[in-house]
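Chemist: Let me give you the structure first, and then I'll get to my questions.
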2 protein chains.
Amino acid sequence: MDNVDRIVELIETASGMREFDLIIRDVQIVNVFTGEINTGSLGIYKGLIVSPYVDDSAKAKSIFDGKNLFALPGFIDTHVHIDSTLLTPTALADLITPCGTTAVFADPMEIANVAGMNGVKAFIQSGSDLPYHFFIEVPSRVPSAPGLETTGGELGLAETREMLGWDSTISLGEIDPSKIIDLKTEYLEKVLQAQAVGKIVNGHTAGLSREKLVAYACARIADDHECITYEEAKERLALGMCILVREGSTERNLETLVRGLIGENAATHHWMMCTDDKHPDDIASEGHIDYMVRKAVSLGLDPIKAIQMATINAAMHFRKDHILGSLSPGRWADIILAKDLHELWAEVVFFKGVLVAEKGRLTAAIKPHSFPKWLHQTVKITRGRSAMDFRLETDAARVNARVIKIFPDQIVNEGKTTTLGVVEGNIQTVPEMDILKLAVVERYGKNGNIGIAFVSGFDLKKGAMASSVSHDHHNIVVVGADEASMACCVRAIERMQGGFVVCNGDEVLAELALPIGGLLSDQRAEIVIPALKKMNAAAWSLGCNLPAPFMTLSFISLPTVPELGLTDKGLIDVVEHKIIPPFSPYP
Amino acid sequence: MDNVDRIVELIETASGMREFDLIIRDVQIVNVFTGEINTGSLGIYKGLIVSPYVDDSAKAKSIFDGKNLFALPGFIDTHVHIDSTLLTPTALADLITPCGTTAVFADPMEIANVAGMNGVKAFIQSGSDLPYHFFIEVPSRVPSAPGLETTGGELGLAETREMLGWDSTISLGEIDPSKIIDLKTEYLEKVLQAQAVGKIVNGHTAGLSREKLVAYACARIADDHECITYEEAKERLALGMCILVREGSTERNLETLVRGLIGENAATHHWMMCTDDKHPDDIASEGHIDYMVRKAVSLGLDPIKAIQMATINAAMHFRKDHILGSLSPGRWADIILAKDLHELWAEVVFFKGVLVAEKGRLTAAIKPHSFPKWLHQTVKITRGRSAMDFRLETDAARVNARVIKIFPDQIVNEGKTTTLGVVEGNIQTVPEMDILKLAVVERYGKNGNIGIAFVSGFDLKKGAMASSVSHDHHNIVVVGADEASMACCVRAIERMQGGFVVCNGDEVLAELALPIGGLLSDQRAEIVIPALKKMNAAAWSLGCNLPAPFMTLSFISLPTVPELGLTDKGLIDVVEHKIIPPFSPYP
């Protein structure tokens with residue numbers, strides 16, 4: 001509610017002094033406050049709900065026949081990295097708007113790591129008329145591992161304070177437990193900054209012991225979205241952290257958590273829903289928050305509770321219940337019409353009182369995204385174009401090398417050691433044994449760093465694949481059987497100014513440009529999804545058998561996920577937070 | 001959490017690097033988030049909860065043996081006019097702290113009407129170490145009836161904006177529906193000011209029709225505390241207004257509302273509790289929020305739900321759940337220990353980790369209140385000391401007079417008409433028929449206004465009674481059988497600089513000084529409660545048979561409660577919002 005004029009007109013409409021802009025007639029209105037369903041008509045003015053009690057004689061510029069469908073509030077995704085979709089916020093509408101998602105609370109830590117506060121600003125401004133509310137969880141760890149990686153942008157205390165003051169920000173995004181528990185003053189200051197302006201602090205507590213959880217909770221962390229078991233969720237809730245049930249592409253926690261809720265017939269009002277990281281093809285094939293609601297209901301959860309989790313619970317927790325999450329007067333008229341609450345598919349979706357999707361298709365005409373030119377020019381490398389740049393040199397005849405072992409479905413790496421041969425002073429990969437080279441090429445024009453180590457799990461028999469999406473620093477990560485293929489990949493990414501690529505020798509087998517910050521495509525979902533499938537097919541053609549090769553590749557260099565990570569600065573012992581040598585001479 | 005040092009120390013304590021200030025050992029901890037009860041020990045540091053999982057080996061400066069009592073969060077009164085108790089915030093602690101009330105959300109509209117923003121500031125600052133959190137609901141109607149009454153203070157847009165920015169304010173206080181529905185721009189601006197800083201707007205919807213409710217709700221009013229029936233409550237909740245169940249001295253809504261909740265087995269998380277106006281003797285005899293919890297449980301409500309209504313629900317609704325309402329890490333250590341949840345009496349009360357009450361008695365040593373001198377000097381009258389000032393003059397021999405008819409238990413007046421005689425040009429009261437004179441004497445030294453009319457319902461056979469507590473303008477209201485007694489009352493109030501008084505002719509029968517703003521006693525509850533009883537007895541001795549004569553007197557001049565009100569400016573037609581003559585010549 002921007003100004004008094006608007007509220008005056010709204011009240012005048014409620015009082016019968018103005019006609020409605022829209023009446024949605026004859027719907028079964030799902031009231032998320034009372035949990036009841038009442039047949040009636042919804043009156044809307046200037047994008048806001050005026051009344052759920054409109055009578056048939058009321059006048060409106062437009063009448064929509066609700067045909068006795070259920071009317072419920074649009075869904076809220078409480079924590080998402082939009083970058084995981086490879087789509088701009090604008091292009092994402094193609095996928096999520098028909099699913100009934102009308103509010104997205106996004107943590108744009110990726111663009112922030114690439115381009116700092118100005119990158120986030122450009123991200124927000126790129127979609128000037130999105131068909132969903134776009135609120136920002138201010139990224140709290142940019143960079144994630146200060147001193148251990150080179151990033152394009154940084155969000156310090158001053159930037160964080162400024163961003164927390166924006167109307168478009170809703171919280172401080174998932175704060176790293178180690179920063180809190182290890183008493184990093186800068187991060188504690190960020191927590192206090194958020195709370196001082198009445199915004200919550202989102203948590204991130206994967207695998208924390210109870211002792212560490214308690215220490216973390218002392219900072220008044222409001223929630224967690226990393227619970228895998230119901231016991232974990234209850235342990236966090238018991239410490240005052242609300243639960244964001246997550247169902248992404250790889251992290252799928254809904255079934256276990258909802259079964260727990262049902263089993264105990266537990267109260268659900270501190271529970272809500274998020275996708276965190278969900279790929280565009282998965283959204284296209286199964287859905288978004290609506291998929292979570294359907295799945296929860298199919299498991300036996302009361303549809304009203306499932307809908308509350310996807311709407312009002314989230315709005316209350318994030319302190320936006322005065323504008324979001326219910327079909328109450330004064331709230332945004334974000335409305336899903338559906339035939340059935342047990343098999344809940346959005347027949348029609350309204351956003352701010354405008355019909356934006358119908359029968360699974362976006363119908364709204366949305367202005368194309370608009371990003372500044374400089375955000376298309378973020379790949380600035382000085383080294384990595386030549387095979388020579390990927391040599392790991394030694395005088396020894398053989399070495400003991402540390403190998404990062406990755407697992408298909410988990411964001412977790414294991415460190416192991418193996419003995420490798422040396423040819424002409426260069427330590428050799430062993431593709432037939434799945435021992436490949438992994439490199440991270442600094443791409444912000446800052447120092448020309450290249451970190452090199454060995455990896456197992458990609459199983460490329462030949463060639464290489466690379467990505468400029470590489471959490472959280474988003475340098476270029478490349479894995480390969482040989483150095484020439486790796487260099488070919490880097491040259492392709494430089495040419496595209498970001499993207500995914502698969503090469504064999506000097507041949508590019510497949511490429512997908514992600515020119516916006518090196519993270520996002522400038523194309524629509526219908527282009528990106530098949531292109532992504534081609535990328536995966538190209539990786540598989542080289543022998544890789546990971547279900548989502550580029551997703552795995554993008555997470556491997558995280559210097560925050562135990563046991564080993566690789567950044568442009570080198571191999572990282574995640575537990576000890578330090579750079580370690582990738583090999584030692586064979587004794 | 002004021003600063004980083006504190007949070008650092010808190011986390012260090014959680015991590016075992018510091019000893020606790022206090023461990024409350026062996027308690028059954030009521031977890032208002034999960035609804036479960038777990039036996040354990042609570043660790044506290046610098047007034048904050050650190051952990052509910054403290055083990056026996058942990059060190060602490062002090063150990064309190066919880067003896068397997070239940071431990072639950074301190075109670076929150078979500079809407080109260082402290083002035084109704086006649087006590088300062090400091091003196092109120094004697095009564096409410098032993099009841100386990102550890103947070104009070106107070107609307108100080110009375111002191112604001114007397115002394116504006118500086119009055120509120122003095123009110124907040126008067127208790128520098130209260131044993132309860134004292135948050136302010138910024139009064140939204142000061143004055144309540146602009147143009148129809150003279151007040152000492154005003155809170156305009158600038159003052160309201162300033163106050164909403166204070167850390168000590170929590171919301172915009174109960175906003176008058178007519179201001180919203182009738183589109184008074186200044187009030188709509190106040191609503192937007194509150195929402196712009198993330199604070200909620202409290203409602204006040206007594207008796208509103210559904211149409212008016214909807215119009216009112218359009219301003220995103222967050223709640224209502226005026227529901228008398230369960231149907232009313234559900235109607236408001238359905239419009240997105242949360243329910244503050246009220247149980248004061250005269251307005252007693254809990255039983256009906258809780259029976260409704262139980263009858264429908266309804267979800268309770270949008271429900272909380274408040275006292276609104278509760279007299280000190282009632283608090284002393286039956287309790288405060290604890291009384292409401294006991295009563296709700298005795299009616300059959302699940303004790304966990306009742307406790308949640310009195311704690312976390314309130315904290316969430318008012319967006320203070322990160323510091324209040326649960327025994328989670330980082331929250332204030334406001335703790336009640338109790339033997340039984342079904343008959344819930346606070347055995348021990350901790351506030352910010354300090355034992356403040358035990359077995360019904362305040363044990364904390366609290367600094368005496370301190371109010372500035374000017375706030376003891378707020379009764380500045382220019383007229384009203386003489387019987388002549390209370391003559392209602394006419395040339396007619398008889399008149400048709402409007403009579404305000406009051407009812408003992410309701411804040412509602414009825415207008416009726418009666419024929420009265422005139423002696424020496426002065427219209428006569430008829431005490432034997434219960435037709436008395438009512439006057440409101442302006443007391444801010446602004447204009448010397450005296451409004452005079454007739455009233456029925458006090459039944460004084462002789463004499464007069466007066467009060468400087470007179471909602472919402474708090475001029476001197478006096479009701480009498482004769483003008484001399486009325487003048488005697490006013491002189492006594494001037495001498496005391498505020499208070500209650502009963503006079504007969506020139507004799508003062510009883511008086512109770514309320515020198516702070518003319519509203520509050522400077523004495524403790526143990527002095528004020530018997531004094532108030534004496535005042536009532538004196539009024540009864542003159543024939544009055546109202547159960548709470550001074551309470552009724554203090555509400556009679558409200559120019560906002562239909563049908564008639566009386567202010568210093570004259571008789572008010574409340575429905576038409578205008579001044580009307582108190583009589584007309586007999587035709």
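Chain labels A, B, ... are given in the sequence in which chains occur in the structure tokens; within each chain residues are numbered consecutively from 1, and ligands are likewise numbered from 1 in the order shown.
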Quick one: everything within 10 Å of Leu532 in chain A, counting only C-alpha atoms, minus sequence neighbours fewer than 6 positions away in the same chain. Send it as a list in words.
Modeler: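 Using only C-alpha atoms, the neighbours found are Leu86, His279, Pro280, Asp281, Phe500, Ala510, Glu511, Leu512, Ala538, Ala548 and Phe550 of chain A.
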Chemist: Restricting the output to N, CA, C and O atoms, write the selected residues as an mmCIF file, in the first residue's frame.
Modeler:
```cif
data_model
loop_
_atom_site.group_PDB
_atom_site.id
_atom_site.type_symbol
_atom_site.label_atom_id
_atom_site.label_comp_id
_atom_site.auth_asym_id
_atom_site.auth_seq_id
_atom_site.Cartn_x
_atom_site.Cartn_y
_atom_site.Cartn_z
ATOM 1 N N LEU A 86 18.767 -21.369 -14.092
ATOM 2 C CA LEU A 86 19.486 -20.801 -15.243
ATOM 3 C C LEU A 86 18.672 -19.721 -15.941
ATOM 4 O O LEU A 86 19.068 -19.203 -16.979
ATOM 5 N N HIS A 279 15.778 -27.402 -10.744
ATOM 6 C CA HIS A 279 16.159 -27.159 -12.133
ATOM 7 C C HIS A 279 14.930 -26.872 -12.980
ATOM 8 O O HIS A 279 13.828 -27.333 -12.662
ATOM 9 N N PRO A 280 15.128 -26.189 -14.066
ATOM 10 C CA PRO A 280 13.970 -25.782 -14.877
ATOM 11 C C PRO A 280 13.214 -26.975 -15.449
ATOM 12 O O PRO A 280 11.989 -26.942 -15.534
ATOM 13 N N ASP A 281 13.950 -28.032 -15.827
ATOM 14 C CA ASP A 281 13.257 -29.186 -16.403
ATOM 15 C C ASP A 281 12.380 -29.872 -15.354
ATOM 16 O O ASP A 281 11.281 -30.333 -15.645
ATOM 17 N N PHE A 500 27.717 -23.348 -19.950
ATOM 18 C CA PHE A 500 28.128 -24.739 -19.798
ATOM 19 C C PHE A 500 28.760 -25.160 -21.124
ATOM 20 O O PHE A 500 28.300 -24.727 -22.198
ATOM 21 N N ALA A 510 29.136 -29.517 -27.198
ATOM 22 C CA ALA A 510 27.855 -28.860 -26.887
ATOM 23 C C ALA A 510 28.136 -27.652 -26.012
ATOM 24 O O ALA A 510 29.095 -27.649 -25.227
ATOM 25 N N GLU A 511 27.293 -26.639 -26.148
ATOM 26 C CA GLU A 511 27.477 -25.467 -25.290
ATOM 27 C C GLU A 511 26.137 -24.810 -25.020
ATOM 28 O O GLU A 511 25.213 -24.879 -25.824
ATOM 29 N N LEU A 512 26.036 -24.194 -23.847
ATOM 30 C CA LEU A 512 24.828 -23.443 -23.454
ATOM 31 C C LEU A 512 25.323 -22.126 -22.871
ATOM 32 O O LEU A 512 25.975 -22.107 -21.828
ATOM 33 N N ALA A 538 25.643 -34.667 -23.908
ATOM 34 C CA ALA A 538 27.031 -34.565 -24.362
ATOM 35 C C ALA A 538 27.984 -35.076 -23.283
ATOM 36 O O ALA A 538 28.958 -35.789 -23.569
ATOM 37 N N ALA A 548 22.866 -35.502 -13.101
ATOM 38 C CA ALA A 548 22.849 -34.075 -13.444
ATOM 39 C C ALA A 548 24.286 -33.565 -13.415
ATOM 40 O O ALA A 548 24.722 -32.935 -12.448
ATOM 41 N N PHE A 550 26.105 -31.177 -14.713
ATOM 42 C CA PHE A 550 26.489 -29.783 -14.503
ATOM 43 C C PHE A 550 26.106 -29.270 -13.117
ATOM 44 O O PHE A 550 26.740 -28.377 -12.586
#
```
Chemist: Might you pull out every residue within 10 Å of Arg25 in chain B, with only C-alpha atoms counted and same-chain residues fewer than 5 positions away left off, and present them as number ranges by chain?
Modeler: B: 39-43, 52, 54-56, 63-69
Chemist: Extract the full set of strand (DSSP E or B) residues from range 442-573 of chain A according to DSSP on the backbone, and format it as a ChimeraX atom specification.
Modeler: /A:444,450-456,464-467,476-480,499-504,507-513,516,520,564-567,570-573
Chemist: Could you please determine the separation between CA of Met292 in chain B and CA of Phe318 in chain A in Å, to one decimal place?
Modeler: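 Straight-line distance from CA of Met292 in chain B to CA of Phe318 in chain A works out to 29.3 Å.
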Chemist: Using only C-alpha atoms, find each residue of range 159-258 of chain A with at least one atom at most 9 Å away from an atom of range 103-115 of chain A; report its shortest atom-to-atom pair and that distance in Å (one decimal), sort the rows by chain and rising residue number, and return the result as a tab-separated table.
Modeler:
```
residue	atom	partner	partner_atom	distance
A:Thr169	CA	A:Phe105	CA	8.7
A:Ile170	CA	A:Phe105	CA	7.5
A:Ser171	CA	A:Phe105	CA	9.0
A:Leu172	CA	A:Asp107	CA	8.8
A:Gly173	CA	A:Asp107	CA	6.1
A:Glu174	CA	A:Asp107	CA	8.1
```
Chemist: Would you give me, as a tab-separated table, each residue of chain B having an atom within 7 Å of an atom of chain A, along with its shortest atom pair and that distance in Å to one decimal, using only C-alpha atoms and sorting by chain and residue number?
Modeler:
```
residue	atom	partner	partner_atom	distance
B:Val4	CA	A:Glu189	CA	6.3
B:Ile7	CA	A:Ala219	CA	6.5
B:Val8	CA	A:Leu183	CA	6.2
B:Leu10	CA	A:Cys218	CA	6.7
B:Ile11	CA	A:Ala215	CA	5.1
B:Ala14	CA	A:Ala215	CA	5.0
B:Ser15	CA	A:Ala215	CA	6.2
B:Asn31	CA	A:Ala238	CA	6.5
B:Phe33	CA	A:Ala238	CA	5.9
B:Thr34	CA	A:Ala238	CA	5.8
B:Val50	CA	A:Cys218	CA	6.2
B:Ser51	CA	A:Val214	CA	6.2
B:Ile181	CA	A:Ile11	CA	6.8
B:Leu183	CA	A:Val8	CA	6.2
B:Thr185	CA	A:Val4	CA	7.0
B:Leu188	CA	A:Val4	CA	6.3
B:Glu189	CA	A:Val4	CA	6.3
B:Gly198	CA	A:Gly198	CA	6.5
B:Val214	CA	A:Ser51	CA	6.3
B:Ala215	CA	A:Ala14	CA	5.0
B:Ala217	CA	A:Pro329	CA	5.6
B:Cys218	CA	A:Gly330	CA	4.3
B:Ala219	CA	A:Gly330	CA	6.0
B:Arg220	CA	A:Gly330	CA	5.4
B:Leu237	CA	A:Phe33	CA	6.2
B:Ala238	CA	A:Thr34	CA	5.8
B:Leu239	CA	A:Ser328	CA	5.0
B:Gly240	CA	A:Ser328	CA	5.3
B:Arg319	CA	A:Arg319	CA	6.9
B:His322	CA	A:Arg220	CA	5.7
B:Ser328	CA	A:Leu239	CA	5.0
B:Pro329	CA	A:Cys218	CA	4.6
B:Gly330	CA	A:Cys218	CA	4.3
```
Chemist: If I take CA of Lys59 in chain B and CA of Glu19 in chain B, how far is one from the other in Å, to one decimal?
Modeler: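 Computing the Euclidean distance for CA of Lys59 in chain B and CA of Glu19 in chain B yields 5.1 Å.
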Chemist: Any idea what's packed within 8 Å of Gln125 in chain A, counting only C-alpha atoms, ignoring anything in its chain fewer than 3 positions away? Could you give it as an mmCIF file with N, CA and C atoms, in the first residue's frame?
Modeler:
```cif
data_model
loop_
_atom_site.group_PDB
_atom_site.id
_atom_site.type_symbol
_atom_site.label_atom_id
_atom_site.label_comp_id
_atom_site.auth_asym_id
_atom_site.auth_seq_id
_atom_site.Cartn_x
_atom_site.Cartn_y
_atom_site.Cartn_z
ATOM 1 N N LYS A 121 21.035 -5.543 -7.393
ATOM 2 C CA LYS A 121 20.133 -4.469 -7.816
ATOM 3 C C LYS A 121 19.657 -4.725 -9.256
ATOM 4 N N ALA A 122 20.588 -5.081 -10.106
ATOM 5 C CA ALA A 122 20.235 -5.352 -11.512
ATOM 6 C C ALA A 122 19.289 -6.547 -11.608
ATOM 7 N N SER A 128 10.682 -5.858 -14.373
ATOM 8 C CA SER A 128 9.959 -4.690 -13.858
ATOM 9 C C SER A 128 8.482 -4.994 -13.696
ATOM 10 N N SER A 370 15.588 -6.974 -18.601
ATOM 11 C CA SER A 370 16.547 -5.986 -19.056
ATOM 12 C C SER A 370 17.674 -5.913 -18.041
ATOM 13 N N PHE A 371 18.846 -6.357 -18.484
ATOM 14 C CA PHE A 371 20.036 -6.308 -17.632
ATOM 15 C C PHE A 371 21.045 -5.327 -18.233
#
```
Chemist: Any idea what's packed within 9 Å of Thr417 in chain A, counting only C-alpha atoms, ignoring anything in its chain fewer than 4 positions away? Could you give it as a list in words?
Modeler: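 Counting only C-alpha atoms, the residues come to Asn400, Ala401, Arg402, Val403, Ile404 and Phe583 of chain A.
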Chemist: Check range 334-487 of chain B with DSSP on the backbone and list each residue it calls alpha helix (DSSP H), as a PyMOL selection string.
Modeler: chain B and resi 483-487
Chemist: Save out the residues we just selected, all heavy atoms, as a PDB file, in the first residue's frame.
Modeler:
```
ATOM      1  N   GLU B 483     -25.251  21.892  42.602  1.00  0.00           N
ATOM      2  CA  GLU B 483     -24.100  22.590  42.045  1.00  0.00           C
ATOM      3  C   GLU B 483     -23.016  22.828  43.081  1.00  0.00           C
ATOM      4  O   GLU B 483     -21.826  22.832  42.762  1.00  0.00           O
ATOM      5  CB  GLU B 483     -24.520  23.925  41.422  1.00  0.00           C
ATOM      6  CG  GLU B 483     -25.336  23.783  40.151  1.00  0.00           C
ATOM      7  CD  GLU B 483     -26.843  23.665  40.389  1.00  0.00           C
ATOM      8  OE1 GLU B 483     -27.261  23.622  41.571  1.00  0.00           O
ATOM      9  OE2 GLU B 483     -27.592  23.596  39.404  1.00  0.00           O
ATOM     10  N   ALA B 484     -23.385  23.044  44.335  1.00  0.00           N
ATOM     11  CA  ALA B 484     -22.383  23.335  45.369  1.00  0.00           C
ATOM     12  C   ALA B 484     -21.481  22.118  45.591  1.00  0.00           C
ATOM     13  O   ALA B 484     -20.251  22.233  45.692  1.00  0.00           O
ATOM     14  CB  ALA B 484     -23.070  23.723  46.683  1.00  0.00           C
ATOM     15  N   SER B 485     -22.109  20.937  45.640  1.00  0.00           N
ATOM     16  CA  SER B 485     -21.313  19.712  45.814  1.00  0.00           C
ATOM     17  C   SER B 485     -20.380  19.505  44.630  1.00  0.00           C
ATOM     18  O   SER B 485     -19.234  19.059  44.776  1.00  0.00           O
ATOM     19  CB  SER B 485     -22.234  18.496  45.950  1.00  0.00           C
ATOM     20  OG  SER B 485     -23.065  18.621  47.086  1.00  0.00           O
ATOM     21  N   MET B 486     -20.874  19.848  43.451  1.00  0.00           N
ATOM     22  CA  MET B 486     -20.058  19.678  42.238  1.00  0.00           C
ATOM     23  C   MET B 486     -18.827  20.594  42.302  1.00  0.00           C
ATOM     24  O   MET B 486     -17.695  20.164  42.009  1.00  0.00           O
ATOM     25  CB  MET B 486     -20.888  19.964  40.983  1.00  0.00           C
ATOM     26  CG  MET B 486     -21.994  18.930  40.747  1.00  0.00           C
ATOM     27  SD  MET B 486     -23.193  19.390  39.456  1.00  0.00           S
ATOM     28  CE  MET B 486     -22.275  18.980  37.974  1.00  0.00           C
ATOM     29  N   ALA B 487     -19.043  21.818  42.700  1.00  0.00           N
ATOM     30  CA  ALA B 487     -17.928  22.776  42.795  1.00  0.00           C
ATOM     31  C   ALA B 487     -16.932  22.329  43.856  1.00  0.00           C
ATOM     32  O   ALA B 487     -15.709  22.456  43.681  1.00  0.00           O
ATOM     33  CB  ALA B 487     -18.457  24.173  43.106  1.00  0.00           C
TER      34      ALA B 487
END
```
Chemist: Could you name the residues that touch range 354-365 of chain A at 8 Å or less, counting only C-alpha atoms, but leaving out those on the same chain fewer than 3 positions away, as an NGL selection string?
Modeler: :A and (47 or 93-95 or 97-99 or 131 or 346-351)
Chemist: By how many Å are CA of Ala453 in chain B and CA of Leu571 in chain B apart?
Modeler: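 Between these atoms lies a distance of 6.6 Å.
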Chemist: Which of these, A:Pro73, A:Pro177, A:Gly499, A:Gly451, has the shortest distance to Asp389 in chain A once you count only C-alpha atoms?
Modeler: A:Gly451
Chemist: I need the residue nearest Gly116 in chain B from this list: B:Ser249, B:Thr102, B:Asn449, B:Thr378. Use only C-alpha atoms for the distance.
Modeler: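 Result for the nearest residue to Gly116 in chain B: B:Thr378.
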Chemist: Could you give me, as an MDAnalysis selection string, the residues within 12 Å of Thr552 in chain A, counting only C-alpha atoms and dropping anything in the same chain fewer than 6 positions from it?
Modeler: chainID A and resid 84 249:250 405:413 455:458 465:467 469:471 477:479 536 539 544:546 558
Chemist: Which residue out of A:Leu148, A:Ile527, A:Ala537, A:Ile289 has the minimum interatomic distance to Gly100 in chain A when only C-alpha atoms are used?
Modeler: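 With only C-alpha atoms as the atom set, the closest residue is A:Ile289.
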Chemist: Mind checking which residues fall within 9 Å of His369 in chain B, counting only C-alpha atoms, ignoring those fewer than 5 positions away in the same chain, and posting them as a PyMOL selection string?
Modeler: chain B and resi 88-91+125-128+522
Chemist: Selection from above, N, CA, C and O atoms, as a PDB file, in the first residue's frame, can you write it?
Modeler:
```pdb
ATOM      1  N   THR B  88       1.216   3.441  38.617  1.00  0.00           N
ATOM      2  CA  THR B  88       2.316   3.652  37.689  1.00  0.00           C
ATOM      3  C   THR B  88       2.788   2.287  37.185  1.00  0.00           C
ATOM      4  O   THR B  88       2.542   1.259  37.832  1.00  0.00           O
ATOM      5  N   PRO B  89       3.498   2.281  36.057  1.00  0.00           N
ATOM      6  CA  PRO B  89       4.060   0.997  35.603  1.00  0.00           C
ATOM      7  C   PRO B  89       4.880   0.322  36.702  1.00  0.00           C
ATOM      8  O   PRO B  89       4.829  -0.902  36.851  1.00  0.00           O
ATOM      9  N   THR B  90       5.591   1.106  37.477  1.00  0.00           N
ATOM     10  CA  THR B  90       6.384   0.532  38.565  1.00  0.00           C
ATOM     11  C   THR B  90       5.493  -0.122  39.620  1.00  0.00           C
ATOM     12  O   THR B  90       5.717  -1.276  40.017  1.00  0.00           O
ATOM     13  N   ALA B  91       4.468   0.605  40.042  1.00  0.00           N
ATOM     14  CA  ALA B  91       3.597   0.069  41.092  1.00  0.00           C
ATOM     15  C   ALA B  91       2.800  -1.138  40.599  1.00  0.00           C
ATOM     16  O   ALA B  91       2.459  -2.035  41.382  1.00  0.00           O
ATOM     17  N   GLN B 125       9.748   6.176  30.603  1.00  0.00           N
ATOM     18  CA  GLN B 125      10.988   6.330  31.358  1.00  0.00           C
ATOM     19  C   GLN B 125      10.780   6.230  32.867  1.00  0.00           C
ATOM     20  O   GLN B 125      11.747   6.121  33.619  1.00  0.00           O
ATOM     21  N   SER B 126       9.508   6.258  33.291  1.00  0.00           N
ATOM     22  CA  SER B 126       9.241   6.272  34.744  1.00  0.00           C
ATOM     23  C   SER B 126       9.740   5.005  35.421  1.00  0.00           C
ATOM     24  O   SER B 126      10.147   5.021  36.568  1.00  0.00           O
ATOM     25  N   GLY B 127       9.664   3.900  34.691  1.00  0.00           N
ATOM     26  CA  GLY B 127      10.091   2.641  35.293  1.00  0.00           C
ATOM     27  C   GLY B 127      11.371   2.203  34.622  1.00  0.00           C
ATOM     28  O   GLY B 127      11.340   1.546  33.593  1.00  0.00           O
ATOM     29  N   SER B 128      12.484   2.543  35.204  1.00  0.00           N
ATOM     30  CA  SER B 128      13.751   2.290  34.507  1.00  0.00           C
ATOM     31  C   SER B 128      14.188   0.844  34.670  1.00  0.00           C
ATOM     32  O   SER B 128      14.994   0.354  33.906  1.00  0.00           O
ATOM     33  N   ASP B 522       0.559   8.042  42.996  1.00  0.00           N
ATOM     34  CA  ASP B 522       1.996   7.867  43.203  1.00  0.00           C
ATOM     35  C   ASP B 522       2.259   6.872  44.333  1.00  0.00           C
ATOM     36  O   ASP B 522       3.373   6.748  44.815  1.00  0.00           O
TER      37      ASP B 522
END
```
